[in-house]
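Working notes, structure below.
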Amino acid sequence: MKDYIAKIIKNEKIAENIHAVTFDLGEIANVRAGQFGDIAVGGTHLLRRPIAICKTEGNEVTFCYQVKGEGTQKLRDMKVGETCNVLMPLGNGFFVEENEKKVALVGGGVGVFPLISVLRAYAETKEISAYIGYRNKGAVCGVEDFEKASKFVAVTDDGSYGEKMNAVQAFSKDLENGNIPDVVLSCGPTPMLRALKTLVEEKGLPCYVSLEERMGCGIGACLVCVCDLTNGKRARVCKDGPVFNVKEVVL
Amino acid sequence: MANLSVNICGVQLKNPVIAASGTFGFGREFNELYDIGTIGGVSTKGLTNEVRLGNPVPRIAESRGVILNAVGLQNPGVEHFIEYDLEWLKNTGTCVIANVAGKTLDDYKTICEKLDGKVDMIELNISCPNVKSGGMAFGIKPETVEEVTRVAKSGAKNTPLIVKLSPNVESIAENAKAAERGGADCISLINTLTGMAIDIERRKPIIANNTGGVSGAGVKPIAVRMVYEASQAVKIPVIGMGGITCAEDAIEFLMAGATAVQVGTANFTDPYAMPKIIKGLNDWCDKHNIKNVSELTGTLQLNAR
């Protein structure tokens with residue numbers, strides 16, 4: 001974990017309302033798939049924006065973000081050559097065990113980006129099937145990365161790209177066809193994660209989900225971004241997560 | 001090099017910069033970024049007698065220049081802190097200030113008894129709802145401020161007691177005096193201002209608790225004014241806080257009457273905020289030929305009106 005003074009080398013739109021910013025950190029950061037960075041956009045924005053790390057390559061790190069409020073609008077408007085403070089890598093990340101050969105990625109919305117980091121980390125050693133749901137054709141992104149998976153199923157809510165269904169339905173359909181993974185990794189909207197939880201519990205599949213929550217410090221000190229655990233306790237999404245065993249977390 | 005050390009109620013701090021309660025946990029996470037033994041003190045996450053899970057999420061929102069939070073005192077309980085965190089925190093070399101809260105007067109007494117003699121100082125959070133007075137916070141009226149202070153002090157016989165004042169009151173000076181009458185050794189202010197931020201698409205408050213405590217750079221002028229008024233009203237030392245982001249901000253509070261300052265929200269914007277403020281204080285003192293930072297306290301000269 002380090003607070004990098006990160007220089008923007010690319011910041012462009014990649015899909016409807018989705019932008020990708022690439023920073024030069026000036027050195028190689030040791031990042032695990034599914035970790036995130038906390039980006040300071042400056043000005044009157046006192047909170048940093050916690051965003052999943054999508055790719056790292058040499059000194060470069062890429063974050064993909066949805067332009068939603070003033071902070072992400074400010075990030076969108078930042079130019080190549082400008083700098084941001086980026087505290088990273090944060091959180092636990094996804095970890096695929098040695099004996100888990102077949103990995104299913106189930107993602108939707110901005111949840112697809114941490115899954116790209118999984119794909120990049122494990123594409124050469126694991127058999128990966130990616131089931132990715134988008135709102136519509138305009139929202140489709142990351143295809144060039146997901147196509148590196150052994151199998152890539154893209155679906156949309158309105159059927160404008162791939163079949164008209166959601167990512168969990170696409171995954172379920174493939175399970176029926178006998179494509180059973182050793183582990184399921186997921187990130188996306190909470191209703192999607194809930195549906196996935198029901199499905200994997202029914203099928204008895206191990207599953208890890210990456211959660212999103214409004215954060216304060218980003219490093220586990222302030223207890224702002226908690227989630228409920230099934231044992232009655234609460235965990236910090238930023239420090240104990242963002243990745244949790246789906247069995248242990250209340251969605 | 002200026003002498004940055006300050007003395008509050010007989011407790012020597014390396015420098016006047018203290019981590020504000022609730023923004024710094026028990027220090028472990030920030031210690032991964034820098035040696036927290038270099039900061040003047042740590043006011044711990046608010047401790048209660050019992051384990052508390054806190055409020056539902058979302059617990060935080062942002063508005064220009066400020067943030068709002070409603071964490072709801074999530075903490076592992078005072079006994080857990082004493083057993084698992086206190087020794088570690090002491091060993092860092094920073095001054096340990098245990099921030100405590102309760103629902104009843106008795107809560108305040110017992111929690112202070114448990115911590116008495118074990119920590120460098122105790123800071124009372126009196127912005128909690130008082131169960132007996134229908135949920136109105138202890139810190140609102142001078143009478144209850146005095147009463148809760150007196151009861152807490154009876155439990156903290158051997159430990160300097162700081163009373164953290166709420167700004168959501170009629171007269172900060174009256175409440176400061178009430179704390180002093182109740183036996184406070186020191187006061188700290190300001191706690192957060194109560195606010196609300198609305199998600200207009202959902203027509204609902206962003207924070208699950210509906211209202212939250214406002215803090216951050218934007219509250220600083222209010223805090224400076226209140227620190228000035230409170231420090232004029234009492235003889236006991238004052239710890240100032242509210243929106244401090246840089247050394248110059250801290251100096252404003254010292255001049256307004258504070259002996260030390262606390263830094264909270266700035267830790268979120270920049271996790272290195274406190275070491276930077278400490279360095280900035282030294283640089284400013286050197287540049288202005290000030291040998292001891294304590295010389296700055298209360299040196300404000302009002303304009304002739």
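Order determines the names: the first chain of the structure tokens is A, the second B, and so forth; residues in each chain are numbered 1 upward, and ligands are numbered 1 upward as they are shown.
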
- prompt: Using only C-alpha atoms, which residues sit within 7 Å of region 124-128 of chain A once same-chain residues fewer than 5 positions away are excluded, as JSON, numbers by chain?
  reply: {"A": [101, 102, 103, 104, 149, 150, 151]}

Using only C-alpha atoms, find each residue of chain A with at least one atom at most 9 Å away from an atom of chain B; report its shortest atom-to-atom pair and that distance in Å (one decimal), sort the rows by chain and rising residue number, and return the result as a Markdown table.
| residue | atom | partner | partner_atom | distance |
| --- | --- | --- | --- | --- |
| A:Met1 | CA | B:Leu33 | CA | 7.5 |
| A:Lys2 | CA | B:Leu33 | CA | 7.3 |
| A:Asp3 | CA | B:Pro271 | CA | 8.1 |
| A:Ala40 | CA | B:Thr269 | CA | 6.9 |
| A:Gly42 | CA | B:Thr269 | CA | 8.3 |
| A:Gly43 | CA | B:Gly65 | CA | 8.0 |
| A:Thr44 | CA | B:Gly65 | CA | 4.5 |
| A:His45 | CA | B:Gly65 | CA | 6.2 |
| A:Leu46 | CA | B:Thr269 | CA | 5.1 |
| A:Leu47 | CA | B:Thr269 | CA | 5.5 |
| A:Arg48 | CA | B:Thr269 | CA | 6.2 |
| A:Asn85 | CA | B:Asp270 | CA | 8.4 |
| A:Leu87 | CA | B:Pro271 | CA | 8.7 |
| A:Glu213 | CA | B:Pro58 | CA | 7.2 |
| A:Arg214 | CA | B:Pro58 | CA | 6.2 |
| A:Met215 | CA | B:Ile60 | CA | 7.0 |
| A:Gly216 | CA | B:Phe268 | CA | 6.1 |
| A:Cys217 | CA | B:Phe268 | CA | 4.5 |
| A:Gly218 | CA | B:Phe268 | CA | 7.7 |
| A:Ile219 | CA | B:Glu29 | CA | 6.3 |
| A:Gly220 | CA | B:Glu29 | CA | 6.4 |
| A:Ala221 | CA | B:Gly25 | CA | 4.4 |
| A:Cys222 | CA | B:Thr23 | CA | 4.9 |
| A:Leu223 | CA | B:Val71 | CA | 6.9 |
| A:Val224 | CA | B:Arg59 | CA | 5.5 |
| A:Cys225 | CA | B:Val57 | CA | 7.1 |
| A:Val226 | CA | B:Val57 | CA | 7.0 |
| A:Cys227 | CA | B:Val57 | CA | 7.8 |
| A:Lys233 | CA | B:Leu53 | CA | 7.5 |
| A:Arg234 | CA | B:Leu53 | CA | 6.9 |

Output of the above residues as a PDB file, in the first residue's frame, restricted to C-alpha atoms:
ATOM      1  CA  MET A   1       0.000   0.000   0.000  1.00  0.00           C
ATOM      2  CA  LYS A   2       1.396   3.331  -1.060  1.00  0.00           C
ATOM      3  CA  ASP A   3       0.029   6.769  -1.921  1.00  0.00           C
ATOM      4  CA  ALA A  40      -8.138  11.619  -4.901  1.00  0.00           C
ATOM      5  CA  GLY A  42      -9.044  17.014  -5.370  1.00  0.00           C
ATOM      6  CA  GLY A  43     -10.823  20.341  -5.087  1.00  0.00           C
ATOM      7  CA  THR A  44     -13.817  20.334  -2.768  1.00  0.00           C
ATOM      8  CA  HIS A  45     -14.030  16.534  -2.846  1.00  0.00           C
ATOM      9  CA  LEU A  46     -12.706  15.393   0.505  1.00  0.00           C
ATOM     10  CA  LEU A  47     -13.368  11.715  -0.066  1.00  0.00           C
ATOM     11  CA  ARG A  48     -11.354   9.637  -2.458  1.00  0.00           C
ATOM     12  CA  ASN A  85      -2.904  10.804  -5.590  1.00  0.00           C
ATOM     13  CA  LEU A  87      -3.597   5.011  -2.618  1.00  0.00           C
ATOM     14  CA  GLU A 213     -19.853   0.317  -0.429  1.00  0.00           C
ATOM     15  CA  ARG A 214     -19.405   4.029   0.233  1.00  0.00           C
ATOM     16  CA  MET A 215     -16.036   4.369   1.917  1.00  0.00           C
ATOM     17  CA  GLY A 216     -14.267   6.786   4.232  1.00  0.00           C
ATOM     18  CA  CYS A 217     -10.576   6.100   4.810  1.00  0.00           C
ATOM     19  CA  GLY A 218     -10.291   3.097   2.471  1.00  0.00           C
ATOM     20  CA  ILE A 219      -7.779   1.352   4.762  1.00  0.00           C
ATOM     21  CA  GLY A 220      -9.956  -0.085   7.526  1.00  0.00           C
ATOM     22  CA  ALA A 221      -9.710   2.583  10.215  1.00  0.00           C
ATOM     23  CA  CYS A 222     -13.027   4.429  10.089  1.00  0.00           C
ATOM     24  CA  LEU A 223     -15.607   1.597   9.964  1.00  0.00           C
ATOM     25  CA  VAL A 224     -17.735   3.429   7.399  1.00  0.00           C
ATOM     26  CA  CYS A 225     -17.980   0.707   4.727  1.00  0.00           C
ATOM     27  CA  VAL A 226     -19.154  -2.298   6.668  1.00  0.00           C
ATOM     28  CA  CYS A 227     -21.192  -5.298   5.584  1.00  0.00           C
ATOM     29  CA  LYS A 233     -20.597  -9.650  13.104  1.00  0.00           C
ATOM     30  CA  ARG A 234     -19.712  -6.850  10.721  1.00  0.00           C
TER      31      ARG A 234
END

task: Write out as JSON, numbers by chain all residues of region 28-187 of chain A that backbone DSSP assigns to strand (DSSP E).
output: {"A": [36, 37, 38, 39, 40, 49, 50, 51, 52, 53, 54, 55, 56, 57, 60, 61, 62, 63, 64, 65, 66, 83, 84, 85, 86, 87, 88, 89, 90, 102, 103, 104, 105, 106, 107, 108, 127, 128, 129, 130, 131, 132, 133, 134, 151, 152, 153, 154, 155, 156, 163, 164, 183, 184, 185, 186, 187]}

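Proximity to region 187-196 of chain A at 8 Å, evaluated using only C-alpha atoms and with sequence-adjacent residues fewer than 3 positions away removed, yields Val106, Gly107, Gly108, Gly109, Val110, Gly111, Val112, Pro114, Leu115, Ala167, Val168, Leu199, Val200, Val209, Ser210, Leu211 and Leu251 of chain A.
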
message: Going by DSSP on the backbone, which residues of region 5-36 of chain B come out as alpha helix (DSSP H)? List them as a PyMOL selection string.
response: chain B and resi 28-31

field: Asp283 (chain B) surroundings by only C-alpha atoms, 10 Å radius, close-in-sequence under 6 positions cut, as an NGL selection string
entry: :B and (1-2 or 247 or 277 or 289-290)

Create the file for the chosen residues now, containing N, CA and C atoms and written as a compact mmCIF listing (two decimals), in the first residue's frame.
# COMPACT_ATOMS: atom_id res chain seq x y z
N MET B 1 14.95 23.94 14.10
CA MET B 1 13.89 23.10 14.63
C MET B 1 13.20 23.74 15.82
N ALA B 2 11.91 23.98 15.67
CA ALA B 2 11.14 24.54 16.78
C ALA B 2 10.78 23.43 17.77
N ALA B 247 -1.03 22.84 8.11
CA ALA B 247 -0.42 23.47 9.29
C ALA B 247 -1.02 24.85 9.56
N ILE B 277 1.19 18.01 8.47
CA ILE B 277 0.82 19.15 9.33
C ILE B 277 1.92 19.38 10.38
N ASN B 289 10.47 32.59 13.46
CA ASN B 289 11.32 32.67 14.65
C ASN B 289 10.59 32.34 15.95
N ILE B 290 9.75 31.33 15.88
CA ILE B 290 9.04 30.90 17.09
C ILE B 290 9.73 29.64 17.62

task: Might you pull out every residue within 12 Å of Glu143 (chain B), with only C-alpha atoms counted and same-chain residues fewer than 2 positions away left off, and present them as a PyMOL selection string?
output: chain B and resi 133+137-141+145-150+174-182

Could the residues in this selection be written to a file with C-alpha atoms, as a PDB file, in the first residue's frame?
ATOM      1  CA  SER B 133     -33.859  12.446  28.893  1.00  0.00           C
ATOM      2  CA  ALA B 137     -27.857  14.232  23.798  1.00  0.00           C
ATOM      3  CA  PHE B 138     -25.984  14.764  27.076  1.00  0.00           C
ATOM      4  CA  GLY B 139     -24.015  17.495  25.366  1.00  0.00           C
ATOM      5  CA  ILE B 140     -26.907  19.825  24.487  1.00  0.00           C
ATOM      6  CA  LYS B 141     -27.772  21.525  27.775  1.00  0.00           C
ATOM      7  CA  VAL B 145     -22.926  18.591  30.377  1.00  0.00           C
ATOM      8  CA  GLU B 146     -21.983  19.401  33.959  1.00  0.00           C
ATOM      9  CA  GLU B 147     -23.678  16.315  35.348  1.00  0.00           C
ATOM     10  CA  VAL B 148     -22.148  13.821  32.910  1.00  0.00           C
ATOM     11  CA  THR B 149     -18.725  15.414  33.405  1.00  0.00           C
ATOM     12  CA  ARG B 150     -18.978  15.146  37.177  1.00  0.00           C
ATOM     13  CA  GLU B 174     -21.936  28.188  28.569  1.00  0.00           C
ATOM     14  CA  ASN B 175     -21.371  24.508  27.813  1.00  0.00           C
ATOM     15  CA  ALA B 176     -17.599  24.952  28.105  1.00  0.00           C
ATOM     16  CA  LYS B 177     -18.084  26.528  31.539  1.00  0.00           C
ATOM     17  CA  ALA B 178     -20.455  23.722  32.507  1.00  0.00           C
ATOM     18  CA  ALA B 179     -17.800  21.131  31.670  1.00  0.00           C
ATOM     19  CA  GLU B 180     -15.243  23.062  33.700  1.00  0.00           C
ATOM     20  CA  ARG B 181     -17.630  23.259  36.673  1.00  0.00           C
ATOM     21  CA  GLY B 182     -18.246  19.517  36.383  1.00  0.00           C
TER      22      GLY B 182
END
